[in-house]
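The structure file input.pdb is reproduced below (PDB, C-alpha atoms and all ligand atoms).
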ATOM      1  CA  MET W   1     -26.565   7.109  -1.670
ATOM      2  CA  LEU W   2     -24.883  10.071  -0.031
ATOM      3  CA  LEU W   3     -21.695  10.011   2.035
ATOM      4  CA  GLU W   4     -21.277  13.106   4.155
ATOM      5  CA  ALA W   5     -18.768  14.547   6.551
ATOM      6  CA  LYS W   6     -20.513  16.969   8.874
ATOM      7  CA  ASN W   7     -18.386  19.394  10.849
ATOM      8  CA  LEU W   8     -15.617  16.844  11.229
ATOM      9  CA  SER W   9     -12.690  17.602  13.473
ATOM     10  CA  LYS W  10      -9.715  15.516  14.475
ATOM     11  CA  THR W  11      -7.168  16.385  17.112
ATOM     12  CA  PHE W  12      -4.144  14.175  17.625
ATOM     13  CA  HIS W  13      -2.394  14.021  20.967
ATOM     14  CA  THR W  14       1.088  12.630  20.751
ATOM     15  CA  ARG W  15       3.529  11.770  23.455
ATOM     16  CA  GLN W  16       6.432  13.428  21.719
ATOM     17  CA  ARG W  17       4.712  16.776  21.337
ATOM     18  CA  SER W  18       3.013  18.494  24.216
ATOM     19  CA  GLU W  19       0.860  20.552  21.837
ATOM     20  CA  PRO W  20      -2.115  18.718  20.334
ATOM     21  CA  VAL W  21      -2.292  18.688  16.528
ATOM     22  CA  HIS W  22      -5.548  20.012  15.133
ATOM     23  CA  ALA W  23      -5.316  18.014  11.915
ATOM     24  CA  VAL W  24      -8.903  18.588  10.755
ATOM     25  CA  LYS W  25     -11.124  21.457  11.824
ATOM     26  CA  ASP W  26     -14.837  21.616  11.164
ATOM     27  CA  VAL W  27     -14.767  20.042   7.716
ATOM     28  CA  SER W  28     -18.016  19.355   5.893
ATOM     29  CA  LEU W  29     -18.162  17.670   2.518
ATOM     30  CA  HIS W  30     -20.195  15.159   0.591
ATOM     31  CA  ALA W  31     -19.750  12.559  -2.102
ATOM     32  CA  ARG W  32     -22.109  10.373  -4.071
ATOM     33  CA  PRO W  33     -22.010   7.599  -6.652
ATOM     34  CA  GLY W  34     -21.299   8.760 -10.170
ATOM     35  CA  GLU W  35     -19.437  11.868  -9.086
ATOM     36  CA  PHE W  36     -15.695  12.528  -9.063
ATOM     37  CA  VAL W  37     -14.879  14.659  -6.032
ATOM     38  CA  ALA W  38     -11.315  15.815  -5.420
ATOM     39  CA  ILE W  39      -9.685  17.016  -2.224
ATOM     40  CA  VAL W  40      -6.549  19.064  -2.821
ATOM     41  CA  GLY W  41      -4.243  20.999  -0.547
ATOM     42  CA  GLU W  42      -0.663  21.168   0.606
ATOM     43  CA  SER W  43       1.072  18.444   2.540
ATOM     44  CA  GLY W  44      -0.172  18.264   6.116
ATOM     45  CA  SER W  45      -3.444  20.054   5.399
ATOM     46  CA  GLY W  46      -5.493  17.133   6.723
ATOM     47  CA  LYS W  47      -6.595  15.366   3.527
ATOM     48  CA  SER W  48      -5.628  11.844   4.568
ATOM     49  CA  THR W  49      -7.082  12.365   8.018
ATOM     50  CA  VAL W  50     -10.428  13.266   6.439
ATOM     51  CA  ALA W  51     -10.189  10.176   4.226
ATOM     52  CA  ARG W  52      -9.481   7.929   7.204
ATOM     53  CA  MET W  53     -12.490   9.315   9.041
ATOM     54  CA  LEU W  54     -14.747   8.856   5.979
ATOM     55  CA  LEU W  55     -13.609   5.224   5.935
ATOM     56  CA  ASP W  56     -14.063   4.840   9.715
ATOM     57  CA  LEU W  57     -10.419   3.817  10.065
ATOM     58  CA  ILE W  58      -9.889   6.363  12.857
ATOM     59  CA  SER W  59     -12.294   7.906  15.329
ATOM     60  CA  VAL W  60     -13.562  11.460  14.963
ATOM     61  CA  THR W  61     -12.892  14.049  17.651
ATOM     62  CA  SER W  62     -16.160  15.790  16.838
ATOM     63  CA  GLY W  63     -18.697  15.883  14.031
ATOM     64  CA  THR W  64     -20.151  12.914  12.173
ATOM     65  CA  VAL W  65     -19.722  10.807   9.092
ATOM     66  CA  GLU W  66     -23.170  10.066   7.719
ATOM     67  CA  LEU W  67     -24.526   7.674   5.163
ATOM     68  CA  ASP W  68     -27.832   8.830   3.731
ATOM     69  CA  GLY W  69     -28.300  11.155   6.660
ATOM     70  CA  ARG W  70     -27.490   8.610   9.368
ATOM     71  CA  PRO W  71     -24.326   8.725  11.452
ATOM     72  CA  ILE W  72     -22.304   5.587  10.739
ATOM     73  CA  GLY W  73     -21.930   5.089  14.488
ATOM     74  CA  SER W  74     -25.691   4.565  14.728
ATOM     75  CA  LEU W  75     -25.959   1.976  11.944
ATOM     76  CA  ARG W  76     -27.105  -1.519  12.799
ATOM     77  CA  ARG W  77     -24.617  -4.279  12.273
ATOM     78  CA  GLN W  78     -25.954  -5.277   8.835
ATOM     79  CA  GLU W  79     -26.118  -1.670   7.696
ATOM     80  CA  TYR W  80     -22.628  -1.013   8.945
ATOM     81  CA  ARG W  81     -21.375  -4.029   6.981
ATOM     82  CA  ALA W  82     -23.085  -2.672   3.893
ATOM     83  CA  TYR W  83     -21.341   0.679   4.472
ATOM     84  CA  ARG W  84     -17.972  -1.101   4.769
ATOM     85  CA  ARG W  85     -18.605  -2.744   1.413
ATOM     86  CA  SER W  86     -19.998   0.256  -0.418
ATOM     87  CA  VAL W  87     -17.324   2.743   0.679
ATOM     88  CA  GLN W  88     -13.948   1.332  -0.321
ATOM     89  CA  ALA W  89     -10.380   2.573  -0.063
ATOM     90  CA  VAL W  90      -7.596   2.593  -2.615
ATOM     91  CA  LEU W  91      -4.524   4.015  -0.977
ATOM     92  CA  GLN W  92      -1.058   5.171  -1.822
ATOM     93  CA  ASP W  93       1.895   2.821  -2.177
ATOM     94  CA  PRO W  94       0.494  -0.165  -4.024
ATOM     95  CA  ALA W  95       3.591  -2.178  -3.207
ATOM     96  CA  GLY W  96       2.790  -1.881   0.485
ATOM     97  CA  SER W  97      -0.945  -2.465   0.136
ATOM     98  CA  LEU W  98      -0.594  -5.903  -1.400
ATOM     99  CA  ASN W  99       0.905  -8.748   0.566
ATOM    100  CA  PRO W 100       4.109  -9.706  -1.322
ATOM    101  CA  ARG W 101       3.520 -13.402  -0.595
ATOM    102  CA  LYS W 102       0.016 -13.556  -2.025
ATOM    103  CA  ARG W 103      -0.843 -14.077  -5.651
ATOM    104  CA  VAL W 104      -3.428 -11.814  -7.260
ATOM    105  CA  GLU W 105      -6.105 -14.492  -7.060
ATOM    106  CA  GLN W 106      -5.519 -14.904  -3.311
ATOM    107  CA  ALA W 107      -5.441 -11.150  -2.722
ATOM    108  CA  ILE W 108      -8.830 -10.736  -4.365
ATOM    109  CA  GLY W 109     -10.162 -14.022  -3.002
ATOM    110  CA  GLU W 110      -9.522 -13.152   0.622
ATOM    111  CA  VAL W 111     -11.703 -10.050   0.296
ATOM    112  CA  ILE W 112     -14.460 -12.170  -1.229
ATOM    113  CA  ARG W 113     -14.178 -14.665   1.628
ATOM    114  CA  PHE W 114     -13.937 -12.034   4.323
ATOM    115  CA  HIS W 115     -17.175 -10.457   3.169
ATOM    116  CA  LYS W 116     -18.686 -13.919   2.676
ATOM    117  CA  LEU W 117     -19.739 -13.247  -0.919
ATOM    118  CA  THR W 118     -19.046 -16.828  -1.910
ATOM    119  CA  SER W 119     -16.688 -19.578  -0.804
ATOM    120  CA  GLY W 120     -16.364 -21.914  -3.775
ATOM    121  CA  GLN W 121     -12.925 -21.833  -5.364
ATOM    122  CA  SER W 122     -14.242 -21.694  -8.921
ATOM    123  CA  GLU W 123     -16.757 -18.966  -8.081
ATOM    124  CA  ILE W 124     -14.026 -16.931  -6.417
ATOM    125  CA  ARG W 125     -11.864 -17.346  -9.490
ATOM    126  CA  ALA W 126     -14.717 -16.239 -11.746
ATOM    127  CA  LEU W 127     -15.349 -13.115  -9.646
ATOM    128  CA  ALA W 128     -11.640 -12.300  -9.631
ATOM    129  CA  ILE W 129     -11.442 -12.663 -13.404
ATOM    130  CA  GLU W 130     -14.453 -10.442 -13.888
ATOM    131  CA  ALA W 131     -12.967  -7.760 -11.628
ATOM    132  CA  LEU W 132      -9.582  -7.884 -13.392
ATOM    133  CA  GLN W 133     -11.309  -7.440 -16.721
ATOM    134  CA  GLN W 134     -13.190  -4.424 -15.392
ATOM    135  CA  VAL W 135      -9.873  -2.678 -14.720
ATOM    136  CA  GLY W 136      -8.425  -3.552 -18.096
ATOM    137  CA  LEU W 137      -6.085  -6.365 -17.014
ATOM    138  CA  SER W 138      -6.642  -8.860 -19.756
ATOM    139  CA  PRO W 139      -6.465 -11.631 -20.383
ATOM    140  CA  ALA W 140      -7.285 -11.767 -16.686
ATOM    141  CA  GLU W 141      -6.174 -15.389 -16.406
ATOM    142  CA  ASN W 142      -2.606 -14.227 -17.013
ATOM    143  CA  PHE W 143      -2.656 -12.116 -13.879
ATOM    144  CA  LEU W 144      -4.272 -14.497 -11.385
ATOM    145  CA  GLU W 145      -1.081 -16.384 -10.581
ATOM    146  CA  ARG W 146       1.210 -13.401 -10.322
ATOM    147  CA  PHE W 147       2.787 -12.034  -7.184
ATOM    148  CA  PRO W 148       2.817  -8.256  -6.611
ATOM    149  CA  HIS W 149       6.503  -8.006  -7.584
ATOM    150  CA  GLU W 150       5.604  -9.504 -10.963
ATOM    151  CA  LEU W 151       3.335  -6.540 -11.694
ATOM    152  CA  SER W 152       4.140  -2.989 -12.756
ATOM    153  CA  GLY W 153       3.110  -0.119 -10.480
ATOM    154  CA  GLY W 154       0.127   0.667 -12.664
ATOM    155  CA  GLN W 155      -0.917  -2.987 -12.758
ATOM    156  CA  ARG W 156      -0.673  -3.224  -8.975
ATOM    157  CA  GLN W 157      -2.894  -0.190  -8.628
ATOM    158  CA  ARG W 158      -5.404  -1.774 -11.020
ATOM    159  CA  VAL W 159      -5.378  -4.953  -8.936
ATOM    160  CA  LEU W 160      -6.136  -2.864  -5.853
ATOM    161  CA  ILE W 161      -9.079  -1.302  -7.664
ATOM    162  CA  ALA W 162     -10.223  -4.737  -8.872
ATOM    163  CA  ARG W 163     -10.076  -6.011  -5.306
ATOM    164  CA  THR W 164     -12.580  -3.348  -4.254
ATOM    165  CA  LEU W 165     -14.833  -4.000  -7.274
ATOM    166  CA  VAL W 166     -15.786  -7.500  -6.117
ATOM    167  CA  LEU W 167     -17.649  -5.764  -3.278
ATOM    168  CA  HIS W 168     -19.636  -3.559  -5.686
ATOM    169  CA  PRO W 169     -18.548  -0.308  -4.070
ATOM    170  CA  ARG W 170     -20.592   2.832  -4.616
ATOM    171  CA  ILE W 171     -17.807   5.207  -3.594
ATOM    172  CA  ILE W 172     -14.048   4.706  -3.679
ATOM    173  CA  VAL W 173     -11.868   6.868  -1.459
ATOM    174  CA  ALA W 174      -8.577   7.132  -3.318
ATOM    175  CA  ASP W 175      -5.793   8.755  -1.292
ATOM    176  CA  GLU W 176      -2.825   9.598  -3.526
ATOM    177  CA  ALA W 177      -3.708   6.459  -5.426
ATOM    178  CA  VAL W 178      -1.821   7.394  -8.574
ATOM    179  CA  SER W 179       0.744   9.835  -7.179
ATOM    180  CA  ALA W 180       3.649   7.435  -7.359
ATOM    181  CA  LEU W 181       3.083   6.526 -11.005
ATOM    182  CA  ASP W 182       4.662   7.879 -14.179
ATOM    183  CA  ALA W 183       2.537  10.275 -16.185
ATOM    184  CA  SER W 184       1.426   7.836 -18.874
ATOM    185  CA  VAL W 185       0.740   5.017 -16.394
ATOM    186  CA  LYS W 186      -1.124   7.484 -14.214
ATOM    187  CA  ALA W 187      -3.273   8.498 -17.170
ATOM    188  CA  GLY W 188      -4.093   4.838 -17.805
ATOM    189  CA  VAL W 189      -5.241   4.200 -14.235
ATOM    190  CA  LEU W 190      -7.254   7.416 -14.277
ATOM    191  CA  ARG W 191      -8.952   6.292 -17.471
ATOM    192  CA  VAL W 192      -9.921   3.058 -15.733
ATOM    193  CA  MET W 193     -11.358   5.029 -12.826
ATOM    194  CA  ALA W 194     -13.288   7.367 -15.113
ATOM    195  CA  ASP W 195     -14.546   4.387 -17.083
ATOM    196  CA  LEU W 196     -15.822   2.717 -13.890
ATOM    197  CA  LYS W 197     -17.611   5.926 -13.036
ATOM    198  CA  ASP W 198     -19.330   5.957 -16.417
ATOM    199  CA  ARG W 199     -20.090   2.241 -16.651
ATOM    200  CA  LEU W 200     -20.798   1.282 -13.033
ATOM    201  CA  GLY W 201     -21.705   4.658 -11.572
ATOM    202  CA  ILE W 202     -18.915   4.540  -8.996
ATOM    203  CA  GLY W 203     -18.165   7.794  -7.201
ATOM    204  CA  TYR W 204     -14.747   8.944  -6.004
ATOM    205  CA  VAL W 205     -13.254  10.945  -3.216
ATOM    206  CA  PHE W 206      -9.931  11.522  -4.893
ATOM    207  CA  ILE W 207      -7.104  12.992  -2.854
ATOM    208  CA  THR W 208      -4.111  14.406  -4.641
ATOM    209  CA  HIS W 209      -1.486  17.113  -4.925
ATOM    210  CA  ASP W 210      -1.779  16.971  -8.650
ATOM    211  CA  LEU W 211      -3.923  19.875  -9.815
ATOM    212  CA  PRO W 212      -3.681  19.261 -13.573
ATOM    213  CA  ILE W 213      -5.190  15.818 -12.974
ATOM    214  CA  VAL W 214      -7.979  17.291 -10.900
ATOM    215  CA  GLU W 215      -8.806  19.716 -13.666
ATOM    216  CA  LYS W 216      -9.051  16.832 -16.113
ATOM    217  CA  VAL W 217     -11.109  14.340 -14.142
ATOM    218  CA  ALA W 218     -12.903  15.923 -11.185
ATOM    219  CA  ASP W 219     -16.478  17.166 -11.138
ATOM    220  CA  ARG W 220     -16.114  19.052  -7.856
ATOM    221  CA  VAL W 221     -13.179  20.139  -5.726
ATOM    222  CA  TYR W 222     -12.536  20.867  -2.064
ATOM    223  CA  VAL W 223      -9.418  22.842  -1.249
ATOM    224  CA  MET W 224      -7.949  22.205   2.198
ATOM    225  CA  ARG W 225      -5.494  24.268   4.132
ATOM    226  CA  SER W 226      -4.346  23.775   7.732
ATOM    227  CA  GLY W 227      -7.152  21.357   8.479
ATOM    228  CA  GLU W 228      -9.937  23.458   6.985
ATOM    229  CA  VAL W 229     -11.824  23.509   3.725
ATOM    230  CA  VAL W 230     -11.089  26.991   2.394
ATOM    231  CA  GLU W 231     -12.816  26.652  -0.950
ATOM    232  CA  GLU W 232     -15.210  24.308  -2.691
ATOM    233  CA  GLY W 233     -17.093  24.256  -5.934
ATOM    234  CA  THR W 234     -17.311  22.697  -9.342
ATOM    235  CA  THR W 235     -13.923  22.064 -10.890
ATOM    236  CA  GLU W 236     -14.728  24.552 -13.599
ATOM    237  CA  ALA W 237     -15.621  27.292 -11.149
ATOM    238  CA  VAL W 238     -12.653  26.721  -8.846
ATOM    239  CA  PHE W 239     -10.133  26.545 -11.683
ATOM    240  CA  SER W 240     -11.480  29.427 -13.731
ATOM    241  CA  ASN W 241     -12.249  31.728 -10.859
ATOM    242  CA  PRO W 242     -10.557  30.711  -7.602
ATOM    243  CA  GLU W 243     -11.851  32.897  -4.804
ATOM    244  CA  HIS W 244      -9.564  32.141  -1.915
ATOM    245  CA  PRO W 245      -6.023  33.589  -2.112
ATOM    246  CA  TYR W 246      -4.654  30.185  -1.129
ATOM    247  CA  THR W 247      -6.350  28.524  -4.102
ATOM    248  CA  GLN W 248      -5.094  31.276  -6.376
ATOM    249  CA  ASN W 249      -1.552  30.635  -5.186
ATOM    250  CA  LEU W 250      -1.965  26.905  -5.499
ATOM    251  CA  LEU W 251      -3.106  27.246  -9.097
ATOM    252  CA  GLN W 252      -0.364  29.708  -9.978
ATOM    253  CA  ALA W 253       2.239  27.358  -8.583
ATOM    254  CA  THR W 254       1.060  24.565 -10.860
ATOM    255  CA  PRO W 255       2.861  24.073 -14.124
ATOM    256  CA  VAL W 256       0.561  23.814 -17.082
ATOM    257  CA  LEU W 257       1.101  20.461 -18.719
ATOM    258  CA  PRO W 258       1.312  20.140 -22.469
ATOM    259  CA  PRO W 259      -1.577  18.092 -23.865
ATOM    260  CA  LEU W 260      -1.062  14.336 -23.767
ATOM    261  CA  THR W 261      -0.014  13.072 -27.156
TER
HETATM  262  N1  LIG W 301      -1.609   9.539  13.763
HETATM  263  C1  LIG W 301      -1.225  10.813  13.870
HETATM  264  N2  LIG W 301      -0.704  11.281  15.029
HETATM  265  C2  LIG W 301      -0.318  12.559  15.153
HETATM  266  N3  LIG W 301      -0.419  13.482  14.176
HETATM  267  C3  LIG W 301      -0.922  13.093  13.000
HETATM  268  C4  LIG W 301      -1.348  11.730  12.779
HETATM  269  N4  LIG W 301      -1.803  11.632  11.501
HETATM  270  C5  LIG W 301      -1.655  12.854  10.963
HETATM  271  N5  LIG W 301      -1.139  13.736  11.855
HETATM  272  C6  LIG W 301      -0.874  15.160  11.628
HETATM  273  O1  LIG W 301      -2.076  15.738  11.157
HETATM  274  C7  LIG W 301      -1.809  16.699  10.147
HETATM  275  C8  LIG W 301      -2.567  16.326   8.872
HETATM  276  O2  LIG W 301      -2.003  15.122   8.355
HETATM  277  P1  LIG W 301      -2.570  14.435   7.036
HETATM  278  O3  LIG W 301      -1.841  13.170   6.873
HETATM  279  O4  LIG W 301      -4.059  14.356   7.140
HETATM  280  O5  LIG W 301      -2.173  15.484   5.914
HETATM  281  P2  LIG W 301      -2.269  15.354   4.323
HETATM  282  O6  LIG W 301      -3.010  16.552   3.843
HETATM  283  O7  LIG W 301      -2.799  14.029   3.949
HETATM  284  O8  LIG W 301      -0.737  15.485   3.905
HETATM  285  P3  LIG W 301       0.036  14.791   2.654
HETATM  286  O9  LIG W 301      -0.376  15.569   1.447
HETATM  287  O10 LIG W 301       1.475  14.996   2.993
HETATM  288  O11 LIG W 301      -0.352  13.359   2.594
HETATM  289  C9  LIG W 301      -0.296  16.728   9.991
HETATM  290  O12 LIG W 301       0.209  17.782  10.744
HETATM  291  C10 LIG W 301       0.133  15.401  10.540
HETATM  292  O13 LIG W 301       1.446  15.468  11.057
HETATM  293 MG    MG W 302      -1.982  12.367   2.913
END
What's the structure tokens form of this structure?
Ligand SMILES: Nc1ncnc2c1ncn2[C@@H]1O[C@H](COP(=O)(O)OP(=O)(O)OP(=O)(O)O)[C@@H](O)[C@H]1O
Ligand SMILES: [Mg+2]
Amino acid sequence: MLLEAKNLSKTFHTRQRSEPVHAVKDVSLHARPGEFVAIVGESGSGKSTVARMLLDLISVTSGTVELDGRPIGSLRRQEYRAYRRSVQAVLQDPAGSLNPRKRVEQAIGEVIRFHKLTSGQSEIRALAIEALQQVGLSPAENFLERFPHELSGGQRQRVLIARTLVLHPRIIVADEAVSALDASVKAGVLRVMADLKDRLGIGYVFITHDLPIVEKVADRVYVMRSGEVVEEGTTEAVFSNPEHPYTQNLLQATPVLPPLT
């Protein structure tokens, strides 16, 4: 499977501002299962807008999002449903992404029901338990009955990942998914993500400000600035020999973290 953005642009017109905002300009990138792709760049550079277009949450102004060479707008209904299952989102702010009134089992169960994977209560429970185990929440039974406020930030983020796993995603688009977490908790969630890549062959489009993390986990990197991709390459190449002055500045501005002990 290959998920591609081809010459994507997005222009926002807002009532408050007479000038249109060219949030994304002619961006091309690709992602596939088993690969950890990072998008980095300063605030406002268009990263989240690209993510929302990859997920078909907002329309494109021009260009296409393609799955295996076919624009998602041209997919038949069944194929489009398969795309919605195989490309999943894990977004920022786990507290806001989970309904505070729903227990973990319900939160996962409603995704299972929505996608009509199964409807039996005991089957739903079994799938939820399996998914919670995959993200290292064990014993999973202890988490089923909890409400979001009874979970730590890292646990909530794991639940969000588990909720996508029941759909057997091939690619997860993670927009600032660990940015709000403390360093050690962040490392734990990242280990889960890397483990899912190794065990299940899941691919990531991982959006972050956090360059030291990118250096640790990403296979390839796209650097965005003012709506454009200004540099791309393997993580090793971009970090050891950044070509664009913007990337050089970005890397210089990043504190080098001491090794995790
Ligand atoms: N719905 C919208 N309406 C109008 N302008 C928008 C909208 N969404 C984003 N923008 C603008 O588009 C530009 C890119 O925003 P985007 O959220 O993609 O940046 P980002 O790289 O994700 O930033 P951050 O790192 O702060 O999350 C910004 O100038 C933003 O103000
Ligand atoms: Mg953003």
Distance in Å - CA of Glu141 in chain W versus CA of Thr118 in chain W: 19.4 Å
Using 6 Å of padding on each side, determine the axis-aligned box around all atoms of range 116-127 of chain W present in the file and give its centre and edge lengths in Å to one decimal, as lines of an AutoDock Vina configuration file.
center_x = -15.8
center_y = -17.5
center_z = -4.5
size_x = 19.9
size_y = 20.8
size_z = 26.4
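Between Pro33 in chain W and the candidates W:Gly136, W:Pro169, W:Pro100, W:Gly63, the tightest atom-to-atom separation, counting all atoms listed in the file, involves W:Pro169.
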Using the chain letters and numbers from the file, which residues does the PyMOL selection byres (((chain W and resi 106-114) around 12) and not hetatm) grab, as a ChimeraX atom specification? /W:81,84-85,88,97-105,115-132,143-148,156,158-168
Requested write-out: C-alpha atoms of the selected residues, as an mmCIF file, in the frame of the given file:
data_model
loop_
_atom_site.group_PDB
_atom_site.id
_atom_site.type_symbol
_atom_site.label_atom_id
_atom_site.label_comp_id
_atom_site.auth_asym_id
_atom_site.auth_seq_id
_atom_site.Cartn_x
_atom_site.Cartn_y
_atom_site.Cartn_z
ATOM 1 C CA ARG W 81 -21.375 -4.029 6.981
ATOM 2 C CA ARG W 84 -17.972 -1.101 4.769
ATOM 3 C CA ARG W 85 -18.605 -2.744 1.413
ATOM 4 C CA GLN W 88 -13.948 1.332 -0.321
ATOM 5 C CA SER W 97 -0.945 -2.465 0.136
ATOM 6 C CA LEU W 98 -0.594 -5.903 -1.400
ATOM 7 C CA ASN W 99 0.905 -8.748 0.566
ATOM 8 C CA PRO W 100 4.109 -9.706 -1.322
ATOM 9 C CA ARG W 101 3.520 -13.402 -0.595
ATOM 10 C CA LYS W 102 0.016 -13.556 -2.025
ATOM 11 C CA ARG W 103 -0.843 -14.077 -5.651
ATOM 12 C CA VAL W 104 -3.428 -11.814 -7.260
ATOM 13 C CA GLU W 105 -6.105 -14.492 -7.060
ATOM 14 C CA HIS W 115 -17.175 -10.457 3.169
ATOM 15 C CA LYS W 116 -18.686 -13.919 2.676
ATOM 16 C CA LEU W 117 -19.739 -13.247 -0.919
ATOM 17 C CA THR W 118 -19.046 -16.828 -1.910
ATOM 18 C CA SER W 119 -16.688 -19.578 -0.804
ATOM 19 C CA GLY W 120 -16.364 -21.914 -3.775
ATOM 20 C CA GLN W 121 -12.925 -21.833 -5.364
ATOM 21 C CA SER W 122 -14.242 -21.694 -8.921
ATOM 22 C CA GLU W 123 -16.757 -18.966 -8.081
ATOM 23 C CA ILE W 124 -14.026 -16.931 -6.417
ATOM 24 C CA ARG W 125 -11.864 -17.346 -9.490
ATOM 25 C CA ALA W 126 -14.717 -16.239 -11.746
ATOM 26 C CA LEU W 127 -15.349 -13.115 -9.646
ATOM 27 C CA ALA W 128 -11.640 -12.300 -9.631
ATOM 28 C CA ILE W 129 -11.442 -12.663 -13.404
ATOM 29 C CA GLU W 130 -14.453 -10.442 -13.888
ATOM 30 C CA ALA W 131 -12.967 -7.760 -11.628
ATOM 31 C CA LEU W 132 -9.582 -7.884 -13.392
ATOM 32 C CA PHE W 143 -2.656 -12.116 -13.879
ATOM 33 C CA LEU W 144 -4.272 -14.497 -11.385
ATOM 34 C CA GLU W 145 -1.081 -16.384 -10.581
ATOM 35 C CA ARG W 146 1.210 -13.401 -10.322
ATOM 36 C CA PHE W 147 2.787 -12.034 -7.184
ATOM 37 C CA PRO W 148 2.817 -8.256 -6.611
ATOM 38 C CA ARG W 156 -0.673 -3.224 -8.975
ATOM 39 C CA ARG W 158 -5.404 -1.774 -11.020
ATOM 40 C CA VAL W 159 -5.378 -4.953 -8.936
ATOM 41 C CA LEU W 160 -6.136 -2.864 -5.853
ATOM 42 C CA ILE W 161 -9.079 -1.302 -7.664
ATOM 43 C CA ALA W 162 -10.223 -4.737 -8.872
ATOM 44 C CA ARG W 163 -10.076 -6.011 -5.306
ATOM 45 C CA THR W 164 -12.580 -3.348 -4.254
ATOM 46 C CA LEU W 165 -14.833 -4.000 -7.274
ATOM 47 C CA VAL W 166 -15.786 -7.500 -6.117
ATOM 48 C CA LEU W 167 -17.649 -5.764 -3.278
ATOM 49 C CA HIS W 168 -19.636 -3.559 -5.686
#
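Considering the residues W:Val223, W:Leu54, W:Val238, W:Val40 and counting only C-alpha atoms and all ligand atoms, ligand MG 302 (chain W) has its shortest atom-to-atom contact with W:Val40.
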Ground truth for the PyMOL selection byres (((chain W and resi 71) around 12) and not hetatm), written as a VMD selection string: chain W and resid 2 to 6 8 54 56 60 63 to 70 72 to 76 79 to 80 83
Any chance you can output those residues with C-alpha atoms as a tab-separated table (two decimals), in the coordinates of the input?
chain	number	residue	atom	x	y	z
W	2	LEU	CA	-24.88	10.07	-0.03
W	3	LEU	CA	-21.70	10.01	2.04
W	4	GLU	CA	-21.28	13.11	4.16
W	5	ALA	CA	-18.77	14.55	6.55
W	6	LYS	CA	-20.51	16.97	8.87
W	8	LEU	CA	-15.62	16.84	11.23
W	54	LEU	CA	-14.75	8.86	5.98
W	56	ASP	CA	-14.06	4.84	9.72
W	60	VAL	CA	-13.56	11.46	14.96
W	63	GLY	CA	-18.70	15.88	14.03
W	64	THR	CA	-20.15	12.91	12.17
W	65	VAL	CA	-19.72	10.81	9.09
W	66	GLU	CA	-23.17	10.07	7.72
W	67	LEU	CA	-24.53	7.67	5.16
W	68	ASP	CA	-27.83	8.83	3.73
W	69	GLY	CA	-28.30	11.16	6.66
W	70	ARG	CA	-27.49	8.61	9.37
W	72	ILE	CA	-22.30	5.59	10.74
W	73	GLY	CA	-21.93	5.09	14.49
W	74	SER	CA	-25.69	4.57	14.73
W	75	LEU	CA	-25.96	1.98	11.94
W	76	ARG	CA	-27.10	-1.52	12.80
W	79	GLU	CA	-26.12	-1.67	7.70
W	80	TYR	CA	-22.63	-1.01	8.94
W	83	TYR	CA	-21.34	0.68	4.47
